[in-house]
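Undergrad: The structure follows.
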Amino acid sequence: MLGFEEIDSTNIADVGGKGVHLGELSRINGIRVPDGFCVTTDAFRRVVAEAPSIDAQLDLLSRVKPDDHAAIRTLSADIRRVVEGVAVPDDLVAAISESLARLGEQASYAVRSSATAEDLPTASFAGQQDSYLNIVGLPAILRHVRRCWASLFTERAVTYRRRNGFDHRKVRMAVVVQQMVFPDAAGILFTADPVTSNRKIATVEAGWGLGEALVSGLVAGDVYTVRDDQVVTAAVATKPRFVQASPGGGTQDAPIEPQRQTQPALTDAQVVRLVQLGRRIEAHFGRPQDIEWCLVGDDFHIVQSRPITTLFPIPRTDDQENHVYVSVGHQQMMTDAMKPLGLSLWQLTTPRPMHEAGGRLFVDVAPVLATPAGRAYLLGTLGKSDPLIRDALQTLLDRGDFIRSLPDEDSIAAPAGDSPAPIETDPAVVTQLIRHSQASVATLRSEIRALSGPALFDFILADLAELKRILFSPRSHQVIMAGMEAAWWLNDHLEAWLGEKNAADALTLSVPHNVTSEMGLALLDVADTIRPHADVVAFLQRVVDEGREGDGFLNELAGLTGGREARDAIRGYLDEYGMRCAGEIDITRTRWSEQPTTLVPTILGNIKNFEPGAGKRHFEQGRLESRRKEQELLTRLRALPQGEQKAEETKRMIDRVRTFAGYREYPKYGMVSRYFAYKQALLREADRLVRSGILREKEDIFFLRFEELQEVVRTNEVDAELILERREAFRSYEALTPPRVLTSDGETISGRYRRDDAPPGALAGLPVSAGTVEGRARVVMDMAQADLETGDILVTAYTDPSWTPLFVTVAGLVTEVGGLMTHGAVIAREYGLPAVVGVEQATRLIRDGQRIRVHGTDGYVQILD
C-alpha cells in the first residue's frame with residue numbers, strides 16, 4: 001500500500017502509470033488532487049502466484065494471434081473468472097481497511113486500474129482496463145479491487161497488448177483507490193490540439209455532472225479552444241443528460257432540466273483558468289497532457305493526467321523562431337521510422353541540414369518561404385512533385401501570421417546551381433557516369449574488407465565524401481535535369497499543340513540504362529531458369545509456406561534436379577541487386593542478400609503468371625510502343641501550321657528524354673551499393689564487440705549514431721541504458737504516421753487537391769503515368785506478402801525501388817505517398833502502368849479485392865464495387 005503522498009516517478013513498477021501520475025500531480029503546487037492510495041503490483045503478483053492455473057492459461061494466450069478474436073475472448077474470460085474469485089490476503093485487507101479509516105470509511109471512492117504498461121509516454125493504453133465510481137464500504141472496495149485486477153485480461157486489453165508487443169507476463173496491475181468528488185461539471189483538457197497537434201492550442205471538453213457522460217459518448221460536450229490565455233472558439237452543445245452518483249453506489253444517467261441543456265458548463269474565465277492549470281501540469285511532466293478534471297463550486301480538481309501519445313514529435317531547436325518542416329521521407333518514398341544509425345548516416349550523406357523527429361527527417365523551409373523569390377521557387381518545385389505539400393505550405397502562407405516576410409536580398413532564394421548548363425544529347429555521357437560509379441564501388445568493396453577498429457570509421461567517413469562527390473556531381477545533375485526538362489517540354493508542348501496529355505509517359509517506355517526497371521525484368525529471367533524444374537518450384541513454395549528466413553535454403557537447392565542452376569540464378573541476381581530492400585535509405589534495414597526469402601514469393605508469382613522470355617519481350621514491347629507513339633505524334637505535328645519545325649523540335653526532345661531519363665535511377669543505386677558495403681563492415685565490427693562482451697547483440701549498433709558507434713569502438717565502452725531507451729523510442733515511433741508538413745508549434749498541416757475535374761466519390765491523387773486501367777485492387781503493405789496475378793492493381797502506402805519486381809505483374813499502381821519524379825512514378829511510366837500517387841488513405845479506403853479504375857492521365861481512382 002502506498003498513499004499518493006508517498007508516490008513519485010520512481011514507483012512505476014509499484015503503482016503503474018495512473019498511480020504514478022496521481023502521485024506526481026499531488027506534488028504540483030496549486031493543483032488539487034482528491035486524496036487516495038494505491039494497492040501495489042506486489043499484491044497483484046502475490047494473488048496471481050496463488051492461482052497456478054493462470055500460468056498455463058498465459059502460455060496459451062501468448063501463442064494466440066492478435067486477430068484470433070474468438071480464442072482471445074475465451075482465454076481472457078477464463079483468466080478473469082479465476083482472478084475475480086481469488087481471496088484477498090488478510091494483511092492486504094487490513095492495510096486497505098486502515099487507509100479507508102484514515103480517509104473516511106463510509107466516503108465514496110473511485111476504484112481504478114493502473115497497469116504498469118499504462119499512461120506511459122509511448123503507449124497510453126487509455127480505456128484498456130476498468131474503473132469503477134462511487135464505491136462505498138470495505139467489502140465493495142475489495143470486490144472492485146479484484147475486478148480491476150481481472151480487467152488486465154479483458155479482450156480489448158489483451159488484444160491491445162498483443163498488437164503493441166507487450167508481454168502479458170510482464171504487465172502488472174496496481175489499483176488506485178481515490179476519494180470521489182461530485183462535480184457540477186467535468187470533462188477533459190488536452191494541452192495540445194488533438195486534431196492538428198498544435199502545442200499552442202489547448203482544447204477543453206465540458207459537460208454537466210461526472211465526466212463519464214463525455215467519456216462514454218452519452219452526450220456531446222461543450223468544446224472550447226484556447227490560445228495565449230484567450231478563448232478562440234466556443235461551441236456550446238445541447239446536453240440532455242448527465243451522469244451522477246447513485247445513492248446505493250455506482251452511477252446512473254439522468255435527464256437535465258430543459259433550461260440548463262443549452263447553457264455552457266463553464267464560463268470563459270473558468271476555461272482559461274483550467275488551461276493555465278493544464279500548462280502547469282504539462283510543464284511538470286515535460287510533454288502535452290490529456291487531463292481529466294472536475295469542477296466543484298468554483299474549484300477545479302484534477303483526477304487524472306496522462307501523456308498524449310498520438311502527437312507527432314517536434315524537431316528540437318534552441319531558438320524561439322517559427323520553423324516549417326517538410327518531410328524528407330515523402331520525397332524519398334520512405335515514411336517508416338528510421339533507427340539512429342540510419343538517420344545519422346543519411347545526414348552524413350545529404351548536403352542539406354536535416355532535423356530529426358519521431359525517427360524521421362525534416363528540412364526547415366521557413367527561410368526559403370520568407371522571400372518572394374524563395375516562395376515562388378519552392379512552391380513551383382513542389383507543385384510539380386507533390387501538390388499536397390505545396391498546398392499545405394500555401395495554406396500556412398495564406399494565414400499570414402506564421403512566416404515572416406523578407407525582401408529577396410535578405411534571405412535564401414532558390415539554391416544555387418539548380419539551372420545547370422545545357423548538355424549534349426550523347427548516350428556516351430550516361431555510360432561514362434555509370435562506369436565511373438561502378439569502378440568506384442568496386443574499389444570501395446575491395447579496400448573496406450580488411451579494415452576494422454577506428455581505421456574502418458575513418459575510411460567510411462572519407463568514402464562518404466567520395467559518395468557525395470559522385471552523387472551530387474554537376475555532370476550527373478545535368479543529365480538528370482536534362483531528362484526531366486525534356487519530359488516537361490514534351491508534356492507542355494504536345495498538350496498545347498495536339499491536346500495530348502502526359503505524352504512523355506508513352507515516349508519513355510523501355511528507355512535504356514534504367515537500373516531499377518532492369519532489376520524487375522531480371523527477376524523474370526530468374527523465374528525462367530527455375531520454371532522447368534518442378535521439384536525446385538515445390539521446394540520454394542514450402543520455403544514460403546513455412547515462413548523460412550535467411551539464406552540457408554539456397555544451399556539446400558543443390559540436392560534437387562535443376563537446383564544448382566536455380567541457386568546460381570538467385571545468387572547471381574543477389575550479386576547484382578542484393579543490396580536493395582524496402583526503405584533502403586536506412587542502412588539498418590534488412591537487405592535482400594541478408595534475407596533472400598523476401599524474393600521467393602515474387603519469383604513464384606513470375607513462374608505462375610508469365611511464359612518463358614517475358615522479361616525480354618516486356619522490354620522490347622515497350623520500346624516498340626514508344627517508337628510507334630513517336631511516329632504517330634510526329635506525323636500529327638507535321639500536319640499543323642509550321643509542322644516541320646514543331647516535329648523537328650519534338651524529335652530532338654524525344655531523343656533527349658530517351659537518352660537521359662533512364663539515368664535518373666542510377667545515383668541512388670550507387671549510393672545503396674556503398675551503404676551495403678558499409679553495413680557489412682560495421683556488422684563485422686559489431687560481431688567483435690559482442691564477442692568481447694561490450695554489446696549484447698550485433699543489432700545494438702543500429703541504435704547508436706555513427707559518431708557514437710565510432711566512440712564505442714575507440715573506447716570499448718557503451719551506454720547500455722541509452723540503447724534500451726532508443727529501442728523503446730523506436731518502437732513508439734513505428735506507430736506514428738509522419739506529416740508532410742509540420743510547424744514548430746507542432747501543428748501538422750494536410751494539403752488537399754484543389755480541383756473539381758474528378759467524378760463524385762473518386763479518390764484524388766497526382767497523375768504520374770498516363771492511361772486508364774480497371775482491375776482487382778490488391779492492397780499490399782509488405783512486398784514479401786504480395787500474392788498478385790496478371791492484371792491486378794497494386795495499392796500500397798509507398799513504393800521504392802525494391803517494389804519494382806512486382807511491377808511486371810500488375811496493370812496499375814496506386815500509392816498514398818509519391819511525386820512525379822519519385823521511383824515508383826518513374827518505373828510505372830517506363831513499364832507503361834497507369835499510376836496515381838499521393839492518394840490520401842488509399843490503403844484504408846480501398847479494400848483488398850475490390851474492383852477499381854485508375855485514371856493515370858487525370859489523377860483519380862474510382863471504386864467500382
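Residue numbers start at 1 in each chain; chains themselves are named A, B, ... in the order of the C-alpha cells; ligands are numbered from 1 in the order shown.
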List the neighbours of range 174-183 of chain A out to 7 Å using only C-alpha atoms; skip same-chain residues closer than 2 positions along the sequence, and give me the result as an MDAnalysis selection string.
TA: chainID A and resid 15:16 19 34:41 44 108:115 134 145 148 172 185:186 209:210 294:296
Undergrad: Write out as a PyMOL selection string each polymer residue whose atoms come within 9 Å of Val672 in chain A, counting only C-alpha atoms; drop sequence neighbours fewer than 6 positions from it.
TA: chain A and resi 579-580+584-585+587
Undergrad: Can you check which residues of range 665-754 of chain A DSSP gives as alpha helix (DSSP H) on the backbone and send them as a VMD selection string?
TA: chain A and resid 666 to 691 706 to 715 720 to 734
Undergrad: To one decimal in Å, tell me the separation between CA of Ile701 in chain A and CA of Asp687 in chain A.
TA: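 Atom-to-atom, CA of Ile701 in chain A and CA of Asp687 in chain A are spaced 10.0 Å apart.
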Undergrad: Using only C-alpha atoms, determine which residues lie at most 8 Å from Thr659 in chain A, disregarding the query and same-chain residues fewer than 4 positions distant; provide the list as number ranges by chain.
TA: A: 425-427, 430, 483, 511-512, 655
Undergrad: Assign secondary structure with DSSP using the backbone only, and return the residues of range 653-749 of chain A in strand (DSSP E or B) as number ranges by chain.
TA: A: 741-743, 748-749
Undergrad: Could you produce a table of the residues of range 266-351 of chain A lying within 8 Å of range 808-832 of chain A, with the nearest pair of atoms per residue and their separation in Å rounded to one decimal, using only C-alpha atoms, ordered by chain and increasing residue number, as CSV?
TA:
```
residue,atom,partner,partner_atom,distance
A:His330,CA,A:Val817,CA,6.2
A:Gln331,CA,A:Gly818,CA,7.0
A:Gln332,CA,A:Thr822,CA,7.2
A:Met333,CA,A:Gly818,CA,6.6
```
